[in-house]
Each structure stands twice: as C-alpha cells, then as structure tokens.
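Peer 1: Here's a structure for you.
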Amino acid sequence: MGKLLAIDGLNIVRRVYEASPEPDSDLKASIALRHAFSSFRNVLEAHAPTHVLAAFDYGGQTWRHALYPRYREHRAPMPSVLREALPEFQERLTRAGVHVAMLPGVEADDVVATCVMRWLQENRGEAIVATTDKDLHALVAHGALVWDHFKNEWHDDAWVRNKFGVAPELLHDLLALMGDATDGVPGVSKIGMKTAARLLNAYGSLDAVMAGAGILMTPLGERLRAEKEILYLSRQLVQLKTDVRLGVTWKMLAYDAT
C-alpha cells in the first residue's frame with residue numbers, strides 16, 4: 001500500500017516567515033524560505049511517503065469570493081518580497097521531486113482535499129495532511145491523519161474532538177455556526193465554539209440544529225432564524241471542494257527520496 005503526503009505549502013511558508021520579528025525584506029524572505037525548505041525536507045524524511053503533493057494558493061479571486069465578495073477582505077496580503085521569491089522556492093521543490101500544484105479559482109485547501117479524498121476512495125493507503133489549518137481537519141472523518149510539523153504531533157479523531165468539541169464530520173458545521181474571523185466567514189452572531197459544539201452534540205447536525213433550537217422562542221433561537229441565510233452561506237464557504245480538476249496522475253505524484 002502507498003502513503004500520500006499532502007502538504008499545505010503556504011501554511012508552512014507563511015508561519016516560518018511570520019515567526020521572524022524582522023521587517024519585510026528580501027533577506028527575511030530568503031532566510032524564511034531556506035528554513036521552510038528544511039521544514040519540507042524534514043516532513044518528507046519523517047513520513048517517507050510514496051506520493052507527494054505540495055499545494056499552494058494560486059492567488060486572486062476564488063469560487064468563495066463569488067459566493068461572498070467580503071470573503072477574506074480583512075486578511076493581510078502576502079508580503080510582496082515573499083510572493084516574489086515563491087516561484088524560485090517552488091522550482092526548488094520540484095527539483096527535489098515534490099509535485100507543486102497551484103490552480104486558479106480554488107484554494108490550496110481544495111486541492112489538498114480533492115487529492116486526499118480521491119486517494120482514500122481508491123483505497124491506495126495512508127493519507128497524511130501536513131498543516132495546522134483547522135478546515136483540513138475535516139478530512140480526518142474520512143480516514144486521513146493531520147500532521148502538525150511545528151509541534152511534531154498527530155491530529156486524529158480524538159484530537160479533533162478534544163480541540164473543537166465535536167467529531168471531525170461536524171467540524172464544518174461548527175465553523176459555519178461560530179464563523180471564522182481569519183477568513184471573514186460571518187457565522188451566527190454571539191455563537192462561539194462552545195455554544196456551537198453544544199448545539200451540534202445535542203442535535204447532531206446543522207439542519208437538525210435549525211429544526212430544533214432554531215424554532216425556540218429564545219434569544220438564541222431568534223438569532224438562528226434571523227441569520228439563517230448567512231449561516232448556510234457560511235456553511236458553503238467553509239466546505240472543502242473535493243472535485244477540483246487537478247490535472248495530475250498518481251504517477252506524477254510518485255516520490256523517490258533517493
């Protein structure tokens with residue numbers, strides 16, 4: 001059986017870059033990308049995959065912006081010095097045998113999710129996602145494992161339940177209810193993680209929450225009814241797209257460490 005390693009490229013690159021307190025500069029970008037490449041190499045050595053995909057955001061508008069123009073409107077753009085240095089970094093990854101994917105109109109999360117789901121559906125073996133992104137933890141529900149390179153720890157079903165208070169299959173319902181300020185996903189006002197988890201564990205799904213708590217004559221019930229449209233829009237925004245046309249074969253993703 002094989003082992004797929006799907007790497008959330010910018011998750012590693014930006015965290016390494018932003019760990020330095022130095023002001024933006026070509027030198028900072030160069031040093032950060034050197035450390036990021038070492039991080040990629042360490043992840044590859046630690047997991048010895050048979051297949052590898054490193055996904056990066058293409059940039060620009062995506063299908064989520066088409067749904068909600070305010071999506072990510074408050075997220076700080078990537079520093080220009082880092083953006084300009086990325087192509088050379090990605091070429092270096094390619095020379096090291098890592099297939100790099102960037103596709104217009106979708107995010108790296110969608111690319112990773114599509115690749116991982118196809119791999120698992122074809123019963124090709126283990127699937128590991130190297131990321132700290134909370135959205136991608138929903139893939140744990142389908143048999144993937146998440147690896148946090150920065151803490152050197154596995155995130156499995158038990159970890160997701162402990163961290164978010166719900167099973168992995170309910171993670172996107174949770175994020176829809178509570179919103180995500182980082183991505184500008186609105187959610188329902190005055191609902192945080194604990195309340196969202198309590199509702200989902202009590203009712204079982206977002207639709208069941210709306211059918212149950214959503215009809216109560218309470219402030220919470222009133223907010224759910226009043227913000228139903230934005231709630232279901234939020235649910236669409238946090239959903240991972242798993243039908244992206246990747247334009248790759250498993251042979252193209254085959255990795256040989258030698």
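Naming scheme: A, B, ... for chains in displayed order of the structure tokens; residues 1 onward per chain; ligands 1 onward as shown.
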Give the helix (DSSP H, G or I) residues of range 48-216 of chain A, as assigned by DSSP on the backbone, as a PyMOL selection string.
Peer 2: chain A and resi 63-67+80-95+108-121+135-142+157-164+168-178+193-203+206-215
Peer 1: Which residues are near Tyr68 in chain A? Cut-off 9 Å, only C-alpha atoms, ignore same chain within fewer than 3 positions. Put them as an NGL selection string.
Peer 2: :A and (63-65 or 71 or 185 or 233 or 237)
Peer 1: Could you write out the selected residues, including C-alpha atoms, as an mmCIF file, in the first residue's frame?
Peer 2:
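So the final result, stored in again-v3.cif, reads:
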```
data_model
loop_
_atom_site.group_PDB
_atom_site.id
_atom_site.type_symbol
_atom_site.label_atom_id
_atom_site.label_comp_id
_atom_site.auth_asym_id
_atom_site.auth_seq_id
_atom_site.Cartn_x
_atom_site.Cartn_y
_atom_site.Cartn_z
ATOM 1 C CA TRP A 63 -15.275 30.455 -6.041
ATOM 2 C CA ARG A 64 -15.692 31.553 -2.413
ATOM 3 C CA HIS A 65 -15.330 35.212 -3.399
ATOM 4 C CA TYR A 71 -14.521 36.702 1.909
ATOM 5 C CA VAL A 185 -16.719 33.797 7.414
ATOM 6 C CA LEU A 233 -23.757 30.783 3.278
ATOM 7 C CA LEU A 237 -17.748 28.936 2.495
#
```
Peer 1: Neighbours of Ala36 in chain A within 7 Å (only C-alpha atoms; same-chain residues fewer than 2 positions away dropped), as a count of residues only?
Peer 2: 9
Peer 1: Excluding range 208-215 of chain A and any residue of its chain fewer than 2 positions from it, enumerate the residues within 6 Å of it, using only C-alpha atoms, and give them as a PDB file with C-alpha atoms, in the first residue's frame.
Peer 2:
```
ATOM      1  CA  TYR A 203     -28.963  17.905  17.767  1.00  0.00           C
ATOM      2  CA  SER A 205     -26.172  18.331  12.507  1.00  0.00           C
ATOM      3  CA  LEU A 206     -26.616  21.884  11.303  1.00  0.00           C
ATOM      4  CA  GLY A 221     -33.493  30.694  18.505  1.00  0.00           C
ATOM      5  CA  LEU A 224     -30.643  31.405  14.306  1.00  0.00           C
ATOM      6  CA  ARG A 225     -33.855  32.261  12.476  1.00  0.00           C
TER       7      ARG A 225
END
```
Peer 1: State, in Å with one decimal place, the distance from CA of Thr218 in chain A to CA of Met193 in chain A.
Peer 2: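 Pair CA of Thr218 in chain A / CA of Met193 in chain A returns 19.1 Å.
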Peer 1: Quick one: residues within 10 Å of range 148-159 of chain A, only C-alpha atoms counted, chain neighbours fewer than 3 positions away excluded, as a JSON list (two decimals) with N, CA, C and O atoms, in the first residue's frame?
Peer 2:
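See result-v4.json below for the written result:
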```json
[["chain", "number", "residue", "atom", "x", "y", "z"],
["A", 12, "ILE", "N", 3.10, 26.25, 5.83],
["A", 12, "ILE", "CA", 4.46, 26.17, 6.34],
["A", 12, "ILE", "C", 5.23, 27.44, 6.05],
["A", 12, "ILE", "O", 5.85, 28.04, 6.94],
["A", 15, "ARG", "N", 4.04, 30.61, 8.09],
["A", 15, "ARG", "CA", 4.31, 30.50, 9.52],
["A", 15, "ARG", "C", 5.79, 30.68, 9.81],
["A", 15, "ARG", "O", 6.17, 31.33, 10.79],
["A", 16, "VAL", "N", 6.63, 30.14, 8.95],
["A", 16, "VAL", "CA", 8.07, 30.32, 9.13],
["A", 16, "VAL", "C", 8.44, 31.79, 8.93],
["A", 16, "VAL", "O", 9.20, 32.38, 9.72],
["A", 39, "SER", "N", 12.06, 22.60, 6.45],
["A", 39, "SER", "CA", 10.84, 22.04, 7.05],
["A", 39, "SER", "C", 10.22, 21.02, 6.11],
["A", 39, "SER", "O", 9.78, 19.94, 6.55],
["A", 40, "PHE", "N", 10.14, 21.35, 4.83],
["A", 40, "PHE", "CA", 9.60, 20.39, 3.84],
["A", 40, "PHE", "C", 10.43, 19.11, 3.85],
["A", 40, "PHE", "O", 9.88, 18.00, 3.85],
["A", 42, "ASN", "N", 12.27, 17.90, 6.23],
["A", 42, "ASN", "CA", 12.07, 17.16, 7.47],
["A", 42, "ASN", "C", 10.75, 16.39, 7.46],
["A", 42, "ASN", "O", 10.68, 15.25, 7.94],
["A", 43, "VAL", "N", 9.71, 17.01, 6.91],
["A", 43, "VAL", "CA", 8.41, 16.33, 6.82],
["A", 43, "VAL", "C", 8.52, 15.12, 5.91],
["A", 43, "VAL", "O", 8.00, 14.04, 6.22],
["A", 46, "ALA", "N", 10.48, 12.40, 7.69],
["A", 46, "ALA", "CA", 9.75, 11.84, 8.83],
["A", 46, "ALA", "C", 8.69, 10.83, 8.40],
["A", 46, "ALA", "O", 8.43, 9.85, 9.11],
["A", 128, "ILE", "N", -1.75, 11.46, 4.67],
["A", 128, "ILE", "CA", -1.30, 12.40, 5.70],
["A", 128, "ILE", "C", -1.37, 13.81, 5.14],
["A", 128, "ILE", "O", -0.94, 14.07, 4.02],
["A", 129, "VAL", "N", -1.94, 14.72, 5.93],
["A", 129, "VAL", "CA", -2.02, 16.12, 5.54],
["A", 129, "VAL", "C", -1.14, 16.93, 6.49],
["A", 129, "VAL", "O", -1.36, 16.93, 7.71],
["A", 130, "ALA", "N", -0.12, 17.57, 5.95],
["A", 130, "ALA", "CA", 0.78, 18.39, 6.76],
["A", 130, "ALA", "C", 0.26, 19.82, 6.78],
["A", 130, "ALA", "O", 0.38, 20.55, 5.79],
["A", 131, "THR", "N", -0.35, 20.20, 7.90],
["A", 131, "THR", "CA", -0.96, 21.53, 8.00],
["A", 131, "THR", "C", -1.32, 21.82, 9.45],
["A", 131, "THR", "O", -1.38, 20.89, 10.28],
["A", 132, "THR", "N", -1.59, 23.09, 9.73],
["A", 132, "THR", "CA", -2.20, 23.46, 11.01],
["A", 132, "THR", "C", -3.56, 24.11, 10.74],
["A", 132, "THR", "O", -4.19, 24.61, 11.67],
["A", 133, "ASP", "N", -4.00, 24.09, 9.50],
["A", 133, "ASP", "CA", -5.27, 24.71, 9.10],
["A", 133, "ASP", "C", -6.44, 23.90, 9.65],
["A", 133, "ASP", "O", -6.54, 22.70, 9.43],
["A", 137, "HIS", "N", -8.84, 19.66, 8.90],
["A", 137, "HIS", "CA", -9.03, 18.60, 9.88],
["A", 137, "HIS", "C", -10.32, 17.82, 9.64],
["A", 137, "HIS", "O", -10.50, 16.72, 10.19],
["A", 138, "ALA", "N", -11.21, 18.36, 8.81],
["A", 138, "ALA", "CA", -12.43, 17.61, 8.47],
["A", 138, "ALA", "C", -12.10, 16.34, 7.71],
["A", 138, "ALA", "O", -12.89, 15.39, 7.71],
["A", 139, "LEU", "N", -10.94, 16.29, 7.07],
["A", 139, "LEU", "CA", -10.54, 15.09, 6.32],
["A", 139, "LEU", "C", -10.26, 13.90, 7.24],
["A", 139, "LEU", "O", -10.24, 12.76, 6.79],
["A", 140, "VAL", "N", -10.06, 14.18, 8.52],
["A", 140, "VAL", "CA", -9.86, 13.10, 9.49],
["A", 140, "VAL", "C", -11.09, 12.19, 9.52],
["A", 140, "VAL", "O", -10.98, 10.98, 9.74],
["A", 141, "ALA", "N", -12.27, 12.76, 9.28],
["A", 141, "ALA", "CA", -13.51, 11.97, 9.27],
["A", 141, "ALA", "C", -13.50, 10.89, 8.20],
["A", 141, "ALA", "O", -14.23, 9.90, 8.29],
["A", 143, "GLY", "N", -10.65, 9.29, 7.18],
["A", 143, "GLY", "CA", -9.54, 8.37, 7.35],
["A", 143, "GLY", "C", -8.16, 8.98, 7.22],
["A", 143, "GLY", "O", -7.15, 8.27, 7.40],
["A", 144, "ALA", "N", -8.06, 10.27, 6.92],
["A", 144, "ALA", "CA", -6.76, 10.92, 6.84],
["A", 144, "ALA", "C", -6.26, 11.25, 8.25],
["A", 144, "ALA", "O", -7.04, 11.28, 9.22],
["A", 145, "LEU", "N", -4.98, 11.49, 8.36],
["A", 145, "LEU", "CA", -4.39, 11.99, 9.59],
["A", 145, "LEU", "C", -3.73, 13.33, 9.28],
["A", 145, "LEU", "O", -3.21, 13.54, 8.19],
["A", 162, "ASN", "N", -11.23, 16.69, 21.08],
["A", 162, "ASN", "CA", -10.72, 17.41, 22.25],
["A", 162, "ASN", "C", -10.53, 18.90, 21.96],
["A", 162, "ASN", "O", -10.82, 19.75, 22.81],
["A", 163, "LYS", "N", -10.06, 19.22, 20.76],
["A", 163, "LYS", "CA", -9.77, 20.60, 20.40],
["A", 163, "LYS", "C", -11.03, 21.40, 20.10],
["A", 163, "LYS", "O", -11.19, 22.55, 20.55],
["A", 164, "PHE", "N", -11.95, 20.81, 19.33],
["A", 164, "PHE", "CA", -13.12, 21.56, 18.85],
["A", 164, "PHE", "C", -14.42, 21.18, 19.54],
["A", 164, "PHE", "O", -15.43, 21.88, 19.39],
["A", 165, "GLY", "N", -14.43, 20.06, 20.25],
["A", 165, "GLY", "CA", -15.63, 19.67, 20.97],
["A", 165, "GLY", "C", -16.65, 18.90, 20.15],
["A", 165, "GLY", "O", -17.73, 18.59, 20.64],
["A", 166, "VAL", "N", -16.30, 18.60, 18.89],
["A", 166, "VAL", "CA", -17.21, 17.84, 18.03],
["A", 166, "VAL", "C", -16.40, 16.82, 17.24],
["A", 166, "VAL", "O", -15.17, 16.92, 17.13],
["A", 167, "ALA", "N", -17.10, 15.84, 16.67],
["A", 167, "ALA", "CA", -16.45, 14.85, 15.80],
["A", 167, "ALA", "C", -15.98, 15.53, 14.51],
["A", 167, "ALA", "O", -16.54, 16.57, 14.11],
["A", 168, "PRO", "N", -14.96, 14.99, 13.85],
["A", 168, "PRO", "CA", -14.46, 15.60, 12.62],
["A", 168, "PRO", "C", -15.53, 15.84, 11.56],
["A", 168, "PRO", "O", -15.47, 16.84, 10.84],
["A", 169, "GLU", "N", -16.51, 14.94, 11.48],
["A", 169, "GLU", "CA", -17.55, 15.09, 10.46],
["A", 169, "GLU", "C", -18.46, 16.29, 10.73],
["A", 169, "GLU", "O", -19.21, 16.72, 9.84]]
```
Peer 1: Write out as a PyMOL selection string each polymer residue whose atoms come within 12 Å of Ser30 in chain A, counting only C-alpha atoms; drop sequence neighbours fewer than 4 positions from it.
Peer 2: chain A and resi 13+16-17+24-26+34-37+81-86+88-89
Peer 1: Could you write out, as a PyMOL selection string, all the residues of range 7-204 of chain A that DSSP marks as strand (DSSP E)?
Peer 2: chain A and resi 7-8+51-55+99-101+125-130+145-148+153-155
